[in-house]
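Student: Take a look at the following structure, please.
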Number of protein chains: 2
Amino acid sequence: MPRLASTISTTATEPSRLPDRIYEEILEQIVSGKFSVGDRLPSENQIGTEYKVSRAVVREALSRLAADGVVVSRQGAGTFVHRIPGREFLRLAPIGGIADLMRCFEFRIALEGEAAYLAAQRRTDENLAAIEDAFKRLEEANIAGEVGVELDISYHVAIARASRNNLFMQTLDALAVHTFNGMNITRNLSLTSNRKRLVLVQEEHRRILEAIRVGDEDLARREMRTHIDNARHRALGASVEPE
Amino acid sequence: MPRLASTISTTATEPSRLPDRIYEEILEQIVSGKFSVGDRLPSENQIGTEYKVSRAVVREALSRLAADGVVVSRQGAGTFVHRIPGREFLRLAPIGGIADLMRCFEFRIALEGEAAYLAAQRRTDENLAAIEDAFKRLEEANIAGEVGVELDISYHVAIARASRNNLFMQTLDALAVHTFNGMNITRNLSLTSNRKRLVLVQEEHRRILEAIRVGDEDLARREMRTHIDNARHRALGASVEPE
DNA sequence: TGTTTTAACCTGTCGAACAAGTCAAGATCT
DNA sequence: AGATCTTGACTTGTTCGACAGGTTAAAACA
């Protein structure tokens, strides 16, 4: 049975009420993987001793975690981990052939279009810097003549992150293999058949980035949807017509 | 200054822990309009006296309401109403509080809007019949004064199915499980008190259904997005601007 | 060996006490 | 007379101890 850490975090953003601190400490321990679903937490008295707070404070924190569905308490037995937030809520079945790939593009148009909209609305300077960094790395891969699929994914993930809604991030993660295949096709073909195409793709990336930079939400959404729709056509043009 | 009601609800579905009961009682009072934003609640001791519970129980309940953003407590001054959620909030019993609920709504607007678009484009006669069946069942539940979360989900799932893209289905299915896992379904009864709202929601459902029937893709998307956005506002209600 | 009992431990609740903070009324100053 | 300061009552935040009700594993019993 893992023990909770024995000191309260001293980061500058910690809340001022003790129950709020203990809530976040315990939550962090659970999210970071120290406990699995079904594991029993230390007793209220033990937590109070470790963190040098009274049992009432611990109870408030645990009460909130219970309300969040993260733990369940059973009188006499203890408090158990019930659900770990932030863990992936979605696992997608493996895709089949071309038709599935097309469906994946279609899904990404909805998902990433909206993520770009929210990114334009909410991005922080850090978020923007991460997108710019990914864009720059893509630029370098283009110049070096490398495929850069993973860099392309990084660019898209940075935008999903800037949406500041983890559901978008997690869904994109679940789509990773599907996304990889789609990007792999389009970037390989662009490399081998037409360098002009890479320039075009990067221009689309640049347009999305600019819309997010200036905070034009509708434009960001539109540019992202167009970009993925174009990618769909690029992949489609390279393959046999689907059923 | 209005006083809280002096008895604990005796409905069959009340939670078993006292702090949970007090939480719901106070929340119900706030949602039902007994307090306005900025109003001060009775003191902890007063609430404890009225409900015949100890102050520790009251504190746990208020701590949760504070975490939901519904109240703010100032040491020495009292506890004040900060935000009044809509009635829908009572039903949804957000896991992780208001912020998580908002993220979920946001995500659904993106995905279900697009699913409705594709459903309008692609639905078969069978798909349409399934949506109509779900709609009819919702109608019957409304007439009978029952509220079926599962029926509502069924309606939305039937539309996602008509998109004929399994990624939408899988994702919304996972989201429903994620949202309702551990959800407190005990507040369904609160919804029966507002028939006007049920009529309004069902009209929105009907509009989506019609758009899908006639194959108007953009209208279907728009109506679905509006429907979920409205649901968001019904849940979150009027509020003081967040920090 | 299977069943029952028991003791240690756990969460749920209560109540008292003290610390820190708020705020309005009264006292004091200009 | 108006502005400022002081004070006391009240409030929330936290600690502590006690008891009630429940769990569970070990010990006792048949």
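Identifiers for the structure tokens are assigned positionally: chains receive A, B, ... in sequence, residues are indexed from 1 per chain, and ligands are indexed from 1 in the order shown.
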Do you know which residues are at most 8 Å from Ser43 of chain B counting only C-alpha atoms (C1' of nucleotides), after dropping those on the same chain fewer than 6 positions away, and could you put them as a PyMOL selection string?
Tutor: (chain B and resi 78-79) or (chain D and resi 11)
Student: Do a least-squares overlay of chain A on chain B, C-alpha atoms all paired in order, then report the RMSD in Å.
Tutor: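 Across the paired C-alpha atoms, the RMSD reaches 17.1 Å.
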Student: Contacts from chain C to chain B, 10 Å maximum, only C-alpha atoms (C1' of nucleotides): show me the residue list as a PyMOL selection string.
Tutor: chain C and resi 12-15+20-23
Student: If you run DSSP on the backbone here, which positions in segment 47-160 of chain B get strand (DSSP E or B)? Please write them as a ChimeraX atom specification.
Tutor: /B:71-74,78-81,83
Student: Got a sec to pull out which chain D residues are within 9 Å of chain B, counting only C-alpha atoms (C1' of nucleotides), and send them as a list of chain:residue names?
Tutor: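 On the chain D side, the interface is D:DC10, D:DT11, D:DT12, D:DG13.
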Student: Report, in Å with one decimal, the straight-line distance from atom CA of Ala93 of chain A to atom CA of Met183 of chain A.
Tutor: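 Going from atom CA of Ala93 of chain A over to atom CA of Met183 of chain A covers 18.6 Å.
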Student: Can you tell me, as a list in words, what residues are no more than 7 Å from Ala162 of chain A when counting only C-alpha atoms (C1' of nucleotides), ignoring any on the same chain fewer than 3 positions away?
Tutor: Ala119, Arg122, Arg123, Asn127, Ala158 and Ile159 of chain A
Student: Restrict the distance test to only C-alpha atoms, flag each residue of chain B within 9 Å of chain A, and return the flagged residues as a ChimeraX atom specification.
Tutor: /B:19-20,56,59-61,63-64,67,93-97,100,103-104,106-107,109-111,113-115,164-168,170-171,173-175,177-178,181-183
Student: Can you tell me, as an NGL selection string, what residues are no more than 10 Å from segment 211-213 of chain B when counting only C-alpha atoms (C1' of nucleotides), ignoring any on the same chain fewer than 3 positions away?
Tutor: :B and (116-125 or 127-129 or 131-132 or 159 or 162 or 206-208 or 216-224)
Student: Quick one: pull the distance between atom CA of Ser32 of chain B and atom CA of Arg197 of chain B, Å, one decimal.
Tutor: 14.3 Å
Student: Skipping near chain neighbours, those fewer than 5 positions away, what residues fall within 12 Å of Glu139 of chain B using only C-alpha atoms (C1' of nucleotides), listed as a PyMOL selection string?
Tutor: chain B and resi 132-134+144-148+151-152+155+198-203+205-206
